[in-house]
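Chemist: This structure is in structure tokens; I'll ask about it shortly.
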Amino acid sequence: MRRVSTDRGKTAEVIMDPCPALPTPAGGLPVATVVLKPKRARPFFGRHPWVLDSAIERVDGDPAAGDVVDLATHEGRFVGRGLFNPHSRLRVRLYAFDAAVPLDDGLWRARLEAALALRHRLGLDAPDGAARLVNSEGDDLSGLVVDRYGEWLCVQVTALAMAARLESLCDILASLVPARGILLRGAERGLAGLEGLHLPDRVVRGQAPEGPVFVREGGLRYGIDLTEGQKTGFYLDQRDNRTAAARHAGGRRVLDMFCYSGGFGLTAAAAGAQSVLAVDSSSRATALAAANAELNGLSTVTVETADAFEHLATLAGSGARYGMVILDPPKFARSRATVADALRAYHRINRLAVEILDPGAMLVTCSCSGAVGREEFLTMLAGVAQQARRTIQLLEVRGAAADHPVSASCLDGEYLTCVIARIP
Ligand code: SAH
């Protein structure tokens, strides 16, 4: 077993045992019917793709892990077609709502083509660019995430049924996107465990890059470590938020707290910030941020390795003042059960940030905890305003960039909030 950094600074255990034997998926037609309990079909007629075991009355047939099944109402009416996982509470993931559509390679190819066409429309296919090509439910491919970093693709699989089809999905991807290598990166710890899925990181096609991969975003270059970096290597979801925040950075002293490889701080520096202090508790992250600042010749950026809570308190105590503070912490709430604690932690860092802001300064504050609703996050900010006796003027409340689409039928895919606010 070894530990790798994955989601927002947390580490996950990747079990290095060989992949469990998975069945060869059949021709895309159902081998069994999953029958819902009475009155439980509504969300699925609404195209929600996750069928929990608690909604299921019985299974007619004997499907294996990854097999195609039909979902039917208690009365026997067709609802949707999906893939079965006996090891997960999320027993069926639905991929089609038309009984004429087989879940075969033709369907996966069509879905991948549609996902790529969207990124093309979004202008995200510059050869040295980076983009999320597939965003799970948001692209009707529940359990599959694909990021492109220049000529490399990083695939994350969070569904057993997608893991069973990994080889053919990668064949299709390789035929659609010219790539020097396709790398499989471990999924977030909790998710992988819930699916009964243990996939070691590996090179699935081609080769792994020998050193960092260099990509361009917002006119800046970043070196990205695809094999050891956080997430699949870079926080692509914040791309547009970095640019939106940087619009306010000109002439200001900027503090980029939780900087990772420096995205927010470097974009602010390039937009004319007077100075940027980028802070992260991980020395690997601050080394990346420093290297990226140097790569772009941004001499106004300094980097420090420190704990955000302690460092903010020290700055507040020392009377330091900033014209812009950016807070992009890791996920504080992993589930609804920890939302109250998470909100307290968000309150604390935002309270400290407001304390070191000059009148008229900017606060850019983010939450990537899907369990914390946007309203709750804004209410937390109202609490900060009350305690600090400062007005918080919301200029923009933003989500993830458009290459991270969310299905209206599955709002569980919406996790990122980025508030751009002014503190008069
Ligand atoms: N803003 C970054 C992404 C931040 S991800 C970007 O745009 O790329 C969250 C970061 O918080 C991670 O790099 C993680 O190392 C760091 N982190 C986690 N806990 C921390 C703490 N207590 N103090 C400072 N940094 C922390």
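Letters for chains follow the order of the structure tokens (A, B, ...), residue numbers begin at 1 for each chain, and ligand numbers begin at 1 in the order shown.
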Check which residues of region 160-266 of chain A sit at most 6 Å from region 132-156 of chain A using only C-alpha atoms, and return one row each with the closest pair of atoms and their distance in Å to one decimal, ordered by chain and rising number, as a Markdown table.
Modeler:
```
| residue | atom | partner | partner_atom | distance |
| --- | --- | --- | --- | --- |
| A:Ala179 | CA | A:Glu151 | CA | 4.9 |
| A:Arg180 | CA | A:Glu151 | CA | 5.6 |
| A:Gly181 | CA | A:Trp152 | CA | 5.2 |
| A:Ile182 | CA | A:Leu153 | CA | 4.7 |
| A:Leu183 | CA | A:Cys154 | CA | 4.8 |
| A:Leu184 | CA | A:Val155 | CA | 4.8 |
| A:Arg185 | CA | A:Gln156 | CA | 5.3 |
| A:Ala187 | CA | A:Gln156 | CA | 5.7 |
| A:Val215 | CA | A:Gly150 | CA | 6.0 |
```
Chemist: Please return as a ChimeraX atom specification the residues found within 7 Å of ligand 1, counting only C-alpha atoms and all ligand atoms.
Modeler: /A:8-9,234-235,238,257-264,279-282,285,306-309,328-330
Chemist: Please list as a list in words every residue within 7 Å of Arg91 (chain A), counting only C-alpha atoms and excluding residues in the same chain fewer than 2 positions away.
Modeler: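 Skipping anything fewer than 2 positions along the chain leaves Val51, Leu52, Asp53, Phe84, Asn85, Pro86, Ser88, Arg89 and Arg93 of chain A.
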Chemist: Hey, which of A:Gly373, A:Gly233, A:Gly317, A:Gly297 ends up closest to Thr417 (chain A)? Count only C-alpha atoms.
Modeler: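 Using only C-alpha atoms, the shortest distance to Thr417 (chain A) belongs to A:Gly373.
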Chemist: If you run DSSP on the backbone, which residues of region 84-177 of chain A are strand (DSSP E or B), as a VMD selection string?
Modeler: chain A and resid 84 90 to 96 130 to 135 144 to 149 152 to 157
Chemist: Keeping only N, CA and C atoms, write those residues as an mmCIF file, in the first residue's frame.
Modeler:
```cif
data_model
loop_
_atom_site.group_PDB
_atom_site.id
_atom_site.type_symbol
_atom_site.label_atom_id
_atom_site.label_comp_id
_atom_site.auth_asym_id
_atom_site.auth_seq_id
_atom_site.Cartn_x
_atom_site.Cartn_y
_atom_site.Cartn_z
ATOM 1 N N PHE A 84 -24.777 -2.559 -12.863
ATOM 2 C CA PHE A 84 -25.041 -3.119 -11.537
ATOM 3 C C PHE A 84 -23.755 -3.249 -10.717
ATOM 4 N N LEU A 90 -24.788 2.194 -3.731
ATOM 5 C CA LEU A 90 -25.232 2.761 -5.007
ATOM 6 C C LEU A 90 -25.288 1.587 -5.998
ATOM 7 N N ARG A 91 -26.425 0.875 -5.936
ATOM 8 C CA ARG A 91 -26.498 -0.460 -6.549
ATOM 9 C C ARG A 91 -26.525 -0.407 -8.070
ATOM 10 N N VAL A 92 -27.195 0.619 -8.614
ATOM 11 C CA VAL A 92 -27.263 0.731 -10.087
ATOM 12 C C VAL A 92 -26.949 2.176 -10.457
ATOM 13 N N ARG A 93 -26.093 2.361 -11.445
ATOM 14 C CA ARG A 93 -25.908 3.685 -12.048
ATOM 15 C C ARG A 93 -26.587 3.655 -13.410
ATOM 16 N N LEU A 94 -27.437 4.634 -13.656
ATOM 17 C CA LEU A 94 -28.213 4.662 -14.891
ATOM 18 C C LEU A 94 -27.472 5.463 -15.961
ATOM 19 N N TYR A 95 -27.464 4.935 -17.182
ATOM 20 C CA TYR A 95 -26.785 5.613 -18.287
ATOM 21 C C TYR A 95 -27.714 5.888 -19.466
ATOM 22 N N ALA A 96 -28.921 5.312 -19.456
ATOM 23 C CA ALA A 96 -29.852 5.565 -20.565
ATOM 24 C C ALA A 96 -31.277 5.472 -20.043
ATOM 25 N N ALA A 130 -5.023 22.771 -20.702
ATOM 26 C CA ALA A 130 -5.499 21.715 -19.804
ATOM 27 C C ALA A 130 -6.996 21.896 -19.615
ATOM 28 N N ALA A 131 -7.711 20.807 -19.579
ATOM 29 C CA ALA A 131 -9.169 20.886 -19.428
ATOM 30 C C ALA A 131 -9.706 19.567 -18.906
ATOM 31 N N ARG A 132 -10.837 19.657 -18.247
ATOM 32 C CA ARG A 132 -11.560 18.430 -17.897
ATOM 33 C C ARG A 132 -12.371 18.015 -19.117
ATOM 34 N N LEU A 133 -12.090 16.849 -19.649
ATOM 35 C CA LEU A 133 -12.770 16.386 -20.866
ATOM 36 C C LEU A 133 -14.054 15.642 -20.546
ATOM 37 N N VAL A 134 -14.076 14.982 -19.395
ATOM 38 C CA VAL A 134 -15.268 14.217 -19.012
ATOM 39 C C VAL A 134 -15.512 14.464 -17.529
ATOM 40 N N ASN A 135 -16.738 14.858 -17.183
ATOM 41 C CA ASN A 135 -17.049 15.154 -15.784
ATOM 42 C C ASN A 135 -18.201 14.297 -15.274
ATOM 43 N N LEU A 144 -16.885 8.397 -14.290
ATOM 44 C CA LEU A 144 -15.693 8.564 -15.136
ATOM 45 C C LEU A 144 -15.305 10.037 -15.224
ATOM 46 N N VAL A 145 -14.040 10.314 -14.904
ATOM 47 C CA VAL A 145 -13.495 11.669 -15.035
ATOM 48 C C VAL A 145 -12.240 11.576 -15.891
ATOM 49 N N VAL A 146 -12.129 12.461 -16.869
ATOM 50 C CA VAL A 146 -10.914 12.489 -17.694
ATOM 51 C C VAL A 146 -10.424 13.931 -17.779
ATOM 52 N N ASP A 147 -9.177 14.155 -17.412
ATOM 53 C CA ASP A 147 -8.556 15.473 -17.545
ATOM 54 C C ASP A 147 -7.455 15.392 -18.594
ATOM 55 N N ARG A 148 -7.331 16.471 -19.360
ATOM 56 C CA ARG A 148 -6.234 16.534 -20.340
ATOM 57 C C ARG A 148 -5.234 17.589 -19.903
ATOM 58 N N TYR A 149 -3.987 17.196 -19.846
ATOM 59 C CA TYR A 149 -2.891 18.129 -19.589
ATOM 60 C C TYR A 149 -1.987 18.072 -20.805
ATOM 61 N N TRP A 152 -1.183 14.662 -22.408
ATOM 62 C CA TRP A 152 -1.457 13.526 -21.528
ATOM 63 C C TRP A 152 -2.890 13.548 -21.003
ATOM 64 N N LEU A 153 -3.445 12.367 -20.842
ATOM 65 C CA LEU A 153 -4.782 12.258 -20.254
ATOM 66 C C LEU A 153 -4.684 11.559 -18.902
ATOM 67 N N CYS A 154 -5.434 12.071 -17.921
ATOM 68 C CA CYS A 154 -5.527 11.431 -16.611
ATOM 69 C C CYS A 154 -6.959 10.964 -16.424
ATOM 70 N N VAL A 155 -7.115 9.692 -16.151
ATOM 71 C CA VAL A 155 -8.448 9.116 -15.988
ATOM 72 C C VAL A 155 -8.654 8.766 -14.520
ATOM 73 N N GLN A 156 -9.811 9.149 -13.973
ATOM 74 C CA GLN A 156 -10.194 8.721 -12.624
ATOM 75 C C GLN A 156 -11.496 7.948 -12.742
ATOM 76 N N VAL A 157 -11.519 6.792 -12.126
ATOM 77 C CA VAL A 157 -12.708 5.958 -12.202
ATOM 78 C C VAL A 157 -13.276 5.814 -10.798
#
```
Chemist: Which residues in region 305-402 of chain A does DSSP call helix (DSSP H, G or I)? List them as a PyMOL selection string.
Modeler: chain A and resi 308-318+336-355+374-388
Chemist: Hey, which of A:Gly250, A:Pro200, A:Pro405, A:Gly319 ends up closest to Ala115 (chain A)? Count only C-alpha atoms.
Modeler: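 Of all the options, A:Pro405 lies closest to Ala115 (chain A).
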Chemist: Nearest to Ile423 (chain A): which of A:Ala273, A:Ala342, A:Met324, A:Ala337 is it, counting only C-alpha atoms?
Modeler: A:Met324
Chemist: Need to verify the contact set: Ala421 (chain A), 6 Å, only C-alpha atoms, exclusion of same-chain residues closer than 6 positions in sequence. Can you return it as a list in words?
Modeler: Met362, Leu363, Gln393, Leu394 and Leu395 of chain A
Chemist: Can I get the selection written as an mmCIF file, in the first residue's frame, with all heavy atoms?
Modeler:
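For reference, result-v8.cif as written:
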```
data_model
loop_
_atom_site.group_PDB
_atom_site.id
_atom_site.type_symbol
_atom_site.label_atom_id
_atom_site.label_comp_id
_atom_site.auth_asym_id
_atom_site.auth_seq_id
_atom_site.Cartn_x
_atom_site.Cartn_y
_atom_site.Cartn_z
ATOM 1 N N MET A 362 -10.492 43.213 -1.081
ATOM 2 C CA MET A 362 -11.258 42.121 -1.686
ATOM 3 C C MET A 362 -11.044 40.819 -0.916
ATOM 4 O O MET A 362 -9.926 40.502 -0.503
ATOM 5 C CB MET A 362 -10.788 41.894 -3.130
ATOM 6 C CG MET A 362 -10.937 43.079 -4.043
ATOM 7 S SD MET A 362 -12.651 43.551 -4.303
ATOM 8 C CE MET A 362 -13.310 42.056 -5.042
ATOM 9 N N LEU A 363 -12.134 40.075 -0.778
ATOM 10 C CA LEU A 363 -12.062 38.729 -0.205
ATOM 11 C C LEU A 363 -12.545 37.750 -1.270
ATOM 12 O O LEU A 363 -13.668 37.879 -1.770
ATOM 13 C CB LEU A 363 -12.954 38.626 1.041
ATOM 14 C CG LEU A 363 -13.065 37.230 1.660
ATOM 15 C CD1 LEU A 363 -11.726 36.755 2.233
ATOM 16 C CD2 LEU A 363 -14.127 37.206 2.761
ATOM 17 N N GLN A 393 -19.665 42.747 0.814
ATOM 18 C CA GLN A 393 -20.445 43.084 -0.387
ATOM 19 C C GLN A 393 -20.158 42.021 -1.451
ATOM 20 O O GLN A 393 -19.040 41.949 -1.964
ATOM 21 C CB GLN A 393 -19.969 44.462 -0.853
ATOM 22 C CG GLN A 393 -20.713 45.066 -1.979
ATOM 23 C CD GLN A 393 -20.096 46.427 -2.351
ATOM 24 O OE1 GLN A 393 -18.887 46.628 -2.254
ATOM 25 N NE2 GLN A 393 -20.921 47.352 -2.773
ATOM 26 N N LEU A 394 -21.150 41.180 -1.750
ATOM 27 C CA LEU A 394 -20.929 40.081 -2.692
ATOM 28 C C LEU A 394 -20.947 40.619 -4.121
ATOM 29 O O LEU A 394 -21.937 41.208 -4.548
ATOM 30 C CB LEU A 394 -22.027 39.020 -2.538
ATOM 31 C CG LEU A 394 -22.246 38.459 -1.120
ATOM 32 C CD1 LEU A 394 -23.365 37.422 -1.138
ATOM 33 C CD2 LEU A 394 -20.959 37.856 -0.568
ATOM 34 N N LEU A 395 -19.865 40.436 -4.843
ATOM 35 C CA LEU A 395 -19.827 40.880 -6.240
ATOM 36 C C LEU A 395 -20.157 39.723 -7.182
ATOM 37 O O LEU A 395 -20.872 39.889 -8.145
ATOM 38 C CB LEU A 395 -18.449 41.443 -6.602
ATOM 39 C CG LEU A 395 -17.890 42.556 -5.706
ATOM 40 C CD1 LEU A 395 -16.643 43.150 -6.335
ATOM 41 C CD2 LEU A 395 -18.911 43.647 -5.453
#
```
Chemist: Which residue, A:Gly251, A:Gly211, A:Pro63, A:Gly383, has the smallest gap to Tyr322 (chain A) when you use only C-alpha atoms?
Modeler: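 Closest to Tyr322 (chain A) of all the choices is A:Gly251.
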Chemist: For the atom pair CA of Leu312 (chain A) and CA of Asn350 (chain A), what is the interatomic distance in Å to one decimal place?
Modeler: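 Result for CA of Leu312 (chain A) versus CA of Asn350 (chain A): 9.6 Å, one decimal.
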Chemist: Using only C-alpha atoms, can you tell me which of A:Val364, A:Ala291, A:Leu199, A:Ala163 comes closest to Ala268 (chain A)?
Modeler: A:Val364
Chemist: Calculate how many Å separate CA of Leu194 (chain A) from CA of Ser54 (chain A), rounding to one decimal.
Modeler: 15.0 Å
Chemist: If you measure from CA of Leu169 (chain A) to CA of Glu113 (chain A), what distance in Å do you get, rounded to one decimal?
Modeler: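 We find that CA of Leu169 (chain A) and CA of Glu113 (chain A) lie 11.7 Å from each other.
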Chemist: Might you pull out every residue within 9 Å of Leu343 (chain A), with only C-alpha atoms counted and same-chain residues fewer than 6 positions away left off, and present them as a PyMOL selection string?
Modeler: chain A and resi 332-333+372+376-377+380
